[in-house]
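A.B. asks: Below is model-v4.csv; it holds CSV, C-alpha atoms.
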chain,number,residue,atom,x,y,z
A,24,PRO,CA,-74.1,-84.8,16.7
A,25,VAL,CA,-70.9,-82.8,16.7
A,26,ARG,CA,-72.7,-79.5,17.3
A,27,GLU,CA,-74.7,-81.1,20.1
A,28,ALA,CA,-71.5,-82.5,21.7
A,29,MET,CA,-69.9,-79.1,21.5
A,30,LEU,CA,-72.9,-77.4,23.1
A,31,GLU,CA,-72.8,-80.1,25.9
A,32,LEU,CA,-69.1,-79.4,26.5
A,33,ALA,CA,-69.8,-75.7,26.6
A,34,THR,CA,-72.6,-76.2,29.0
A,35,ILE,CA,-70.4,-78.0,31.5
A,36,GLY,CA,-67.7,-75.4,31.1
A,37,MET,CA,-65.1,-77.4,29.2
A,38,LEU,CA,-65.4,-75.2,26.1
A,39,GLU,CA,-65.5,-71.5,25.9
A,40,GLU,CA,-67.5,-69.8,23.2
A,41,ARG,CA,-66.0,-66.4,22.0
A,42,PRO,CA,-68.3,-64.3,19.8
A,43,TYR,CA,-67.0,-63.8,16.2
A,44,SER,CA,-63.9,-65.9,17.1
A,45,GLY,CA,-64.9,-69.5,17.7
A,46,THR,CA,-65.0,-72.2,20.4
A,47,TYR,CA,-61.9,-73.0,22.4
A,48,VAL,CA,-61.0,-75.5,25.1
A,49,ARG,CA,-61.1,-73.7,28.4
A,50,ASN,CA,-58.0,-73.4,30.6
A,51,PHE,CA,-58.9,-74.5,34.1
A,52,THR,CA,-57.1,-73.6,37.3
A,53,ALA,CA,-56.7,-76.0,40.2
A,54,ALA,CA,-58.8,-73.5,42.3
A,55,GLU,CA,-61.7,-73.7,39.8
A,56,ILE,CA,-61.6,-77.5,39.8
A,57,GLU,CA,-61.5,-77.5,43.6
A,58,ASP,CA,-64.4,-75.1,43.9
A,59,THR,CA,-66.6,-77.0,41.4
A,60,PHE,CA,-66.0,-80.3,43.0
A,61,GLY,CA,-66.4,-78.8,46.5
A,62,ALA,CA,-69.8,-77.7,45.5
A,63,ARG,CA,-70.7,-81.1,44.1
A,64,ALA,CA,-69.3,-82.8,47.2
A,65,PHE,CA,-71.6,-80.7,49.4
A,66,VAL,CA,-74.7,-81.4,47.2
A,67,GLU,CA,-74.0,-85.1,47.1
A,68,GLU,CA,-73.2,-85.3,50.8
A,69,TYR,CA,-76.6,-83.8,51.6
A,70,ALA,CA,-78.3,-86.1,49.1
A,71,ALA,CA,-76.7,-89.2,50.6
A,72,LYS,CA,-77.8,-88.1,54.1
A,73,ARG,CA,-81.4,-87.6,52.9
A,74,ALA,CA,-81.3,-90.8,50.9
A,75,ALA,CA,-80.2,-92.9,53.9
A,76,LYS,CA,-83.3,-91.7,55.7
A,77,ARG,CA,-85.8,-91.8,52.9
A,78,ALA,CA,-84.8,-94.4,50.3
A,79,SER,CA,-87.5,-97.0,49.8
A,80,GLU,CA,-86.6,-100.7,49.6
A,81,GLU,CA,-87.3,-100.5,45.8
A,82,GLN,CA,-84.8,-97.7,45.4
A,83,LEU,CA,-82.2,-99.5,47.4
A,84,ALA,CA,-82.8,-102.6,45.2
A,85,GLU,CA,-82.3,-100.4,42.1
A,86,MET,CA,-79.0,-99.1,43.5
A,87,ARG,CA,-77.9,-102.7,44.3
A,88,ALA,CA,-78.8,-103.8,40.8
A,89,VAL,CA,-76.7,-101.0,39.3
A,90,LEU,CA,-73.7,-101.9,41.5
A,91,GLU,CA,-74.0,-105.6,40.6
A,92,ARG,CA,-73.7,-104.6,37.0
A,93,MET,CA,-70.4,-102.7,37.7
A,94,ASN,CA,-67.6,-104.9,36.6
A,95,PRO,CA,-64.0,-103.8,36.0
A,96,GLU,CA,-63.6,-106.1,32.9
A,97,GLN,CA,-66.4,-104.0,31.2
A,98,GLY,CA,-64.1,-101.0,31.0
A,99,ILE,CA,-64.3,-97.3,31.7
A,100,GLN,CA,-67.3,-96.4,29.5
A,101,GLU,CA,-69.6,-98.9,31.1
A,102,PHE,CA,-68.4,-97.9,34.5
A,103,VAL,CA,-69.1,-94.2,33.8
A,104,GLN,CA,-72.6,-95.0,32.6
A,105,LEU,CA,-73.3,-97.0,35.7
A,106,ASP,CA,-71.7,-94.4,38.0
A,107,LYS,CA,-74.0,-91.7,36.6
A,108,GLU,CA,-77.0,-94.0,37.1
A,109,PHE,CA,-76.0,-94.8,40.7
A,110,HIS,CA,-75.5,-91.1,41.6
A,111,GLY,CA,-78.8,-90.2,39.9
A,112,LEU,CA,-80.6,-92.9,42.0
A,113,VAL,CA,-79.1,-91.5,45.2
A,114,MET,CA,-80.4,-88.1,44.1
A,115,ASP,CA,-83.8,-89.5,43.5
A,116,ALA,CA,-83.9,-91.3,46.8
A,117,ALA,CA,-83.1,-88.1,48.6
A,118,GLY,CA,-86.6,-87.0,47.7
A,119,SER,CA,-85.9,-83.4,46.9
A,120,SER,CA,-86.7,-81.9,43.5
A,121,ALA,CA,-84.8,-78.8,44.4
A,122,LEU,CA,-81.7,-80.8,45.2
A,123,LYS,CA,-82.0,-82.8,42.0
A,124,ARG,CA,-82.2,-79.6,40.0
A,125,VAL,CA,-79.1,-78.1,41.6
A,126,TRP,CA,-77.2,-81.4,40.9
A,127,SER,CA,-78.4,-81.3,37.3
A,128,LEU,CA,-77.4,-77.7,36.9
A,129,LEU,CA,-73.9,-78.5,38.1
A,130,ARG,CA,-73.8,-81.0,35.3
A,131,MET,CA,-71.1,-82.8,37.3
A,132,ALA,CA,-72.1,-86.2,36.1
A,133,GLU,CA,-70.6,-85.3,32.7
A,134,TRP,CA,-67.2,-84.9,34.4
A,135,THR,CA,-67.2,-88.6,35.4
A,136,TYR,CA,-65.5,-89.9,32.4
A,137,LEU,CA,-62.5,-87.5,32.7
A,138,CYS,CA,-62.3,-88.2,36.4
A,139,ALA,CA,-62.3,-92.0,35.9
A,140,ALA,CA,-59.7,-91.7,33.1
A,141,ILE,CA,-57.1,-89.8,35.2
A,142,THR,CA,-57.7,-91.2,38.7
A,143,ALA,CA,-55.0,-93.2,40.4
A,144,PHE,CA,-57.8,-95.5,41.6
A,145,SER,CA,-58.5,-98.7,39.7
A,146,LEU,CA,-62.0,-99.5,38.5
A,147,GLU,CA,-62.0,-102.2,41.3
A,148,ASP,CA,-61.3,-99.4,43.9
A,149,LEU,CA,-64.0,-97.1,42.5
A,150,ILE,CA,-66.5,-99.9,42.5
A,151,ALA,CA,-65.6,-100.7,46.1
A,152,GLN,CA,-66.2,-97.1,47.0
A,153,HIS,CA,-69.7,-97.2,45.5
A,154,TRP,CA,-70.5,-100.3,47.4
A,155,LYS,CA,-69.4,-98.7,50.6
A,156,ILE,CA,-71.7,-95.7,50.0
A,157,PHE,CA,-74.5,-98.2,49.3
A,158,ARG,CA,-73.9,-100.1,52.5
A,159,TYR,CA,-74.2,-96.9,54.5
A,160,LEU,CA,-77.4,-96.0,52.7
A,161,GLU,CA,-78.8,-99.5,53.2
A,162,ALA,CA,-77.9,-99.4,56.9
A,163,ARG,CA,-79.6,-96.0,57.1
A,164,GLU,CA,-76.4,-94.5,58.5
A,165,ASP,CA,-77.0,-91.0,57.2
A,166,SER,CA,-73.9,-89.3,58.7
A,167,SER,CA,-71.6,-92.0,57.4
A,168,ALA,CA,-73.3,-92.1,54.0
A,169,GLY,CA,-72.9,-88.4,53.7
A,170,ALA,CA,-69.4,-88.2,54.9
A,171,TYR,CA,-68.2,-91.0,52.6
A,172,MET,CA,-70.0,-89.5,49.6
A,173,PHE,CA,-68.3,-86.2,50.4
A,174,LEU,CA,-64.8,-87.8,50.5
A,175,HIS,CA,-65.6,-89.8,47.3
A,176,ILE,CA,-66.5,-86.7,45.3
A,177,LYS,CA,-63.9,-84.4,46.9
A,178,GLY,CA,-61.1,-87.0,46.2
A,179,PHE,CA,-61.9,-86.8,42.5
A,180,GLY,CA,-61.8,-83.0,42.6
A,181,ASP,CA,-58.5,-83.0,44.3
A,182,GLU,CA,-57.0,-85.5,41.8
A,183,LEU,CA,-58.4,-83.6,38.9
A,184,GLY,CA,-57.0,-80.3,40.2
A,185,ARG,CA,-53.6,-81.9,40.6
A,186,TYR,CA,-53.8,-83.3,37.1
A,187,PHE,CA,-54.8,-79.9,35.5
A,188,SER,CA,-52.0,-78.2,37.5
A,189,SER,CA,-49.3,-80.6,36.4
A,190,HIS,CA,-50.5,-80.8,32.7
A,191,GLU,CA,-51.0,-77.0,32.4
A,192,ILE,CA,-54.4,-77.5,30.7
Kindly transcribe the structure held in the file into structure tokens.

C.D. replies:
Amino acid sequence: PVREAMLELATIGMLEERPYSGTYVRNFTAAEIEDTFGARAFVEEYAAKRAAKRASEEQLAEMRAVLERMNPEQGIQEFVQLDKEFHGLVMDAAGSSALKRVWSLLRMAEWTYLCAAITAFSLEDLIAQHWKIFRYLEAREDSSAGAYMFLHIKGFGDELGRYFSSHEI
């Protein structure tokens, strides 16, 4: 399990493997964080736009069910799991296997725990943001769904960049 966890952290870029030397926690710059989350924001913006147009009633019902299970009293770990599930459902509703592959390759869902742990937003705020995205999807407002998704993801990237800068990680 530890080896698998380390491989997973290396895959998402949090660990750096150096031949004949070992594995080290990577130092991130604010620019790297900004770049990574910028890419994720564009991918998820496009997915939300597509999902607003293409989501079936069953897919929307699944998203609603996930959001209804989000509860700030459950804590950060439960929120992170449900967040990943929600964003994955949006990707599925976008109806693009190529888009889903790109999202999976970015492995950004794995950053969710760190983002949720350092954000200035409360769990109540984060849950409200997800409901707002959902309401745009449900109303088939593709431009608004995409724009709000972009701001949601980009906001995390900006916060994480500031955090890394101020803590010299």

A.B. asks: Rank A:Val89, A:Val25, A:Leu149, A:Ala70 by their smallest atom-to-atom distance to Arg124 (chain A), using all atoms listed in the file, and report the top residue only.

C.D. replies: A:Ala70

A.B. asks: Could you pull out every residue with an atom within 12 Å of (-76.6, -92.4, 53.5), file coordinates, counting all atoms listed in the file, and send them as a PyMOL selection string?

C.D. replies: chain A and resi 67-78+83+113-114+116-117+153-173

A.B. asks: Out of A:His110, A:Arg185, A:His190, A:Lys177, which residue has the shortest atom-to-atom distance to Ala53 (chain A) when counting all atoms listed in the file?

C.D. replies: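 Of the candidates, the smallest distance to Ala53 (chain A) is held by A:Arg185.
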
A.B. asks: Check the smallest atom-to-atom distance from each of A:Val125, A:Val103, A:Ala151, A:Leu112 to Ala139 (chain A) using only C-alpha atoms, then report the winner.

C.D. replies: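 Checking each of A:Val125, A:Val103, A:Ala151, A:Leu112 against Ala139 (chain A), counting only C-alpha atoms, the winner is A:Val103.
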
A.B. asks: My list of candidates is A:Ala64, A:Gln97, A:Ala28, A:Gly45. Which is closest to Gly178 (chain A) when distances are computed with only C-alpha atoms?

C.D. replies: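 Smallest separation from Gly178 (chain A) among the options: A:Ala64.
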
A.B. asks: Any idea what the distance is between CA of Ser44 (chain A) and CA of Tyr186 (chain A)?

C.D. replies: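 Separation between CA of Ser44 (chain A) and CA of Tyr186 (chain A): 28.4 Å.
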
A.B. asks: For the atom pair CA of Phe179 (chain A) and CA of Glu147 (chain A), what is the interatomic distance in Å to one decimal place?

C.D. replies: 15.4 Å

A.B. asks: In the coordinate frame of the file, compute which residues have an atom within 10 Å of (-60.6, -96.6, 32.5) when using all atoms listed in the file, and state them as number ranges by chain.

C.D. replies: A: 95-103, 136-142, 144-146

A.B. asks: With all atoms listed in the file as the atoms that count, which of A:Glu27, A:Glu81, A:Glu40, A:Glu57 lies nearest to Asp181 (chain A)?

C.D. replies: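 That would be A:Glu57, the residue with the smallest distance to Asp181 (chain A).
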
A.B. asks: What separation in Å, quoted to one decimal, exists between CA of Val66 (chain A) and CA of Leu38 (chain A)?

C.D. replies: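 It comes out at 23.9 Å.
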
A.B. asks: Considering all atoms listed in the file, can you say which of A:Glu182, A:Glu108, A:Glu55, A:Asp115 comes closest to Met93 (chain A)?

C.D. replies: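 The answer is A:Glu108, which sits nearest to Met93 (chain A).
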
A.B. asks: Could you rebuild region 165-182 of chain A with N, CA and C atoms and give me the result as a short mmCIF file (atom, residue, chain, number, x, y, z; two decimals), keeping the file's coordinate frame?

C.D. replies:
data_model
loop_
_atom_site.label_atom_id
_atom_site.label_comp_id
_atom_site.auth_asym_id
_atom_site.auth_seq_id
_atom_site.Cartn_x
_atom_site.Cartn_y
_atom_site.Cartn_z
N ASP A 165 -77.02 -92.23 58.01
CA ASP A 165 -77.00 -91.00 57.20
C ASP A 165 -75.73 -90.22 57.33
N SER A 166 -75.18 -90.08 58.53
CA SER A 166 -73.90 -89.30 58.70
C SER A 166 -72.78 -89.97 57.95
N SER A 167 -72.68 -91.29 58.08
CA SER A 167 -71.60 -92.00 57.40
C SER A 167 -71.77 -92.00 55.90
N ALA A 168 -73.01 -92.16 55.44
CA ALA A 168 -73.30 -92.10 54.00
C ALA A 168 -72.88 -90.76 53.43
N GLY A 169 -73.28 -89.70 54.12
CA GLY A 169 -72.90 -88.40 53.70
C GLY A 169 -71.45 -88.09 53.69
N ALA A 170 -70.80 -88.47 54.78
CA ALA A 170 -69.40 -88.20 54.90
C ALA A 170 -68.56 -88.98 53.85
N TYR A 171 -68.93 -90.24 53.62
CA TYR A 171 -68.20 -91.00 52.60
C TYR A 171 -68.44 -90.52 51.22
N MET A 172 -69.67 -90.10 50.96
CA MET A 172 -70.00 -89.50 49.60
C MET A 172 -69.16 -88.26 49.43
N PHE A 173 -69.09 -87.41 50.46
CA PHE A 173 -68.30 -86.20 50.40
C PHE A 173 -66.84 -86.50 50.03
N LEU A 174 -66.25 -87.45 50.75
CA LEU A 174 -64.80 -87.80 50.50
C LEU A 174 -64.66 -88.41 49.12
N HIS A 175 -65.62 -89.20 48.68
CA HIS A 175 -65.60 -89.80 47.30
C HIS A 175 -65.51 -88.74 46.26
N ILE A 176 -66.40 -87.77 46.32
CA ILE A 176 -66.50 -86.70 45.30
C ILE A 176 -65.26 -85.76 45.46
N LYS A 177 -64.97 -85.35 46.67
CA LYS A 177 -63.90 -84.40 46.90
C LYS A 177 -62.54 -85.00 46.47
N GLY A 178 -62.37 -86.30 46.67
CA GLY A 178 -61.10 -87.00 46.20
C GLY A 178 -60.92 -86.84 44.73
N PHE A 179 -62.00 -86.99 43.97
CA PHE A 179 -61.90 -86.80 42.50
C PHE A 179 -61.51 -85.38 42.18
N GLY A 180 -62.13 -84.43 42.85
CA GLY A 180 -61.80 -83.00 42.60
C GLY A 180 -60.37 -82.70 42.90
N ASP A 181 -59.86 -83.24 44.00
CA ASP A 181 -58.50 -83.00 44.30
C ASP A 181 -57.53 -83.62 43.30
N GLU A 182 -57.84 -84.85 42.87
CA GLU A 182 -57.00 -85.50 41.80
C GLU A 182 -57.06 -84.73 40.52
#
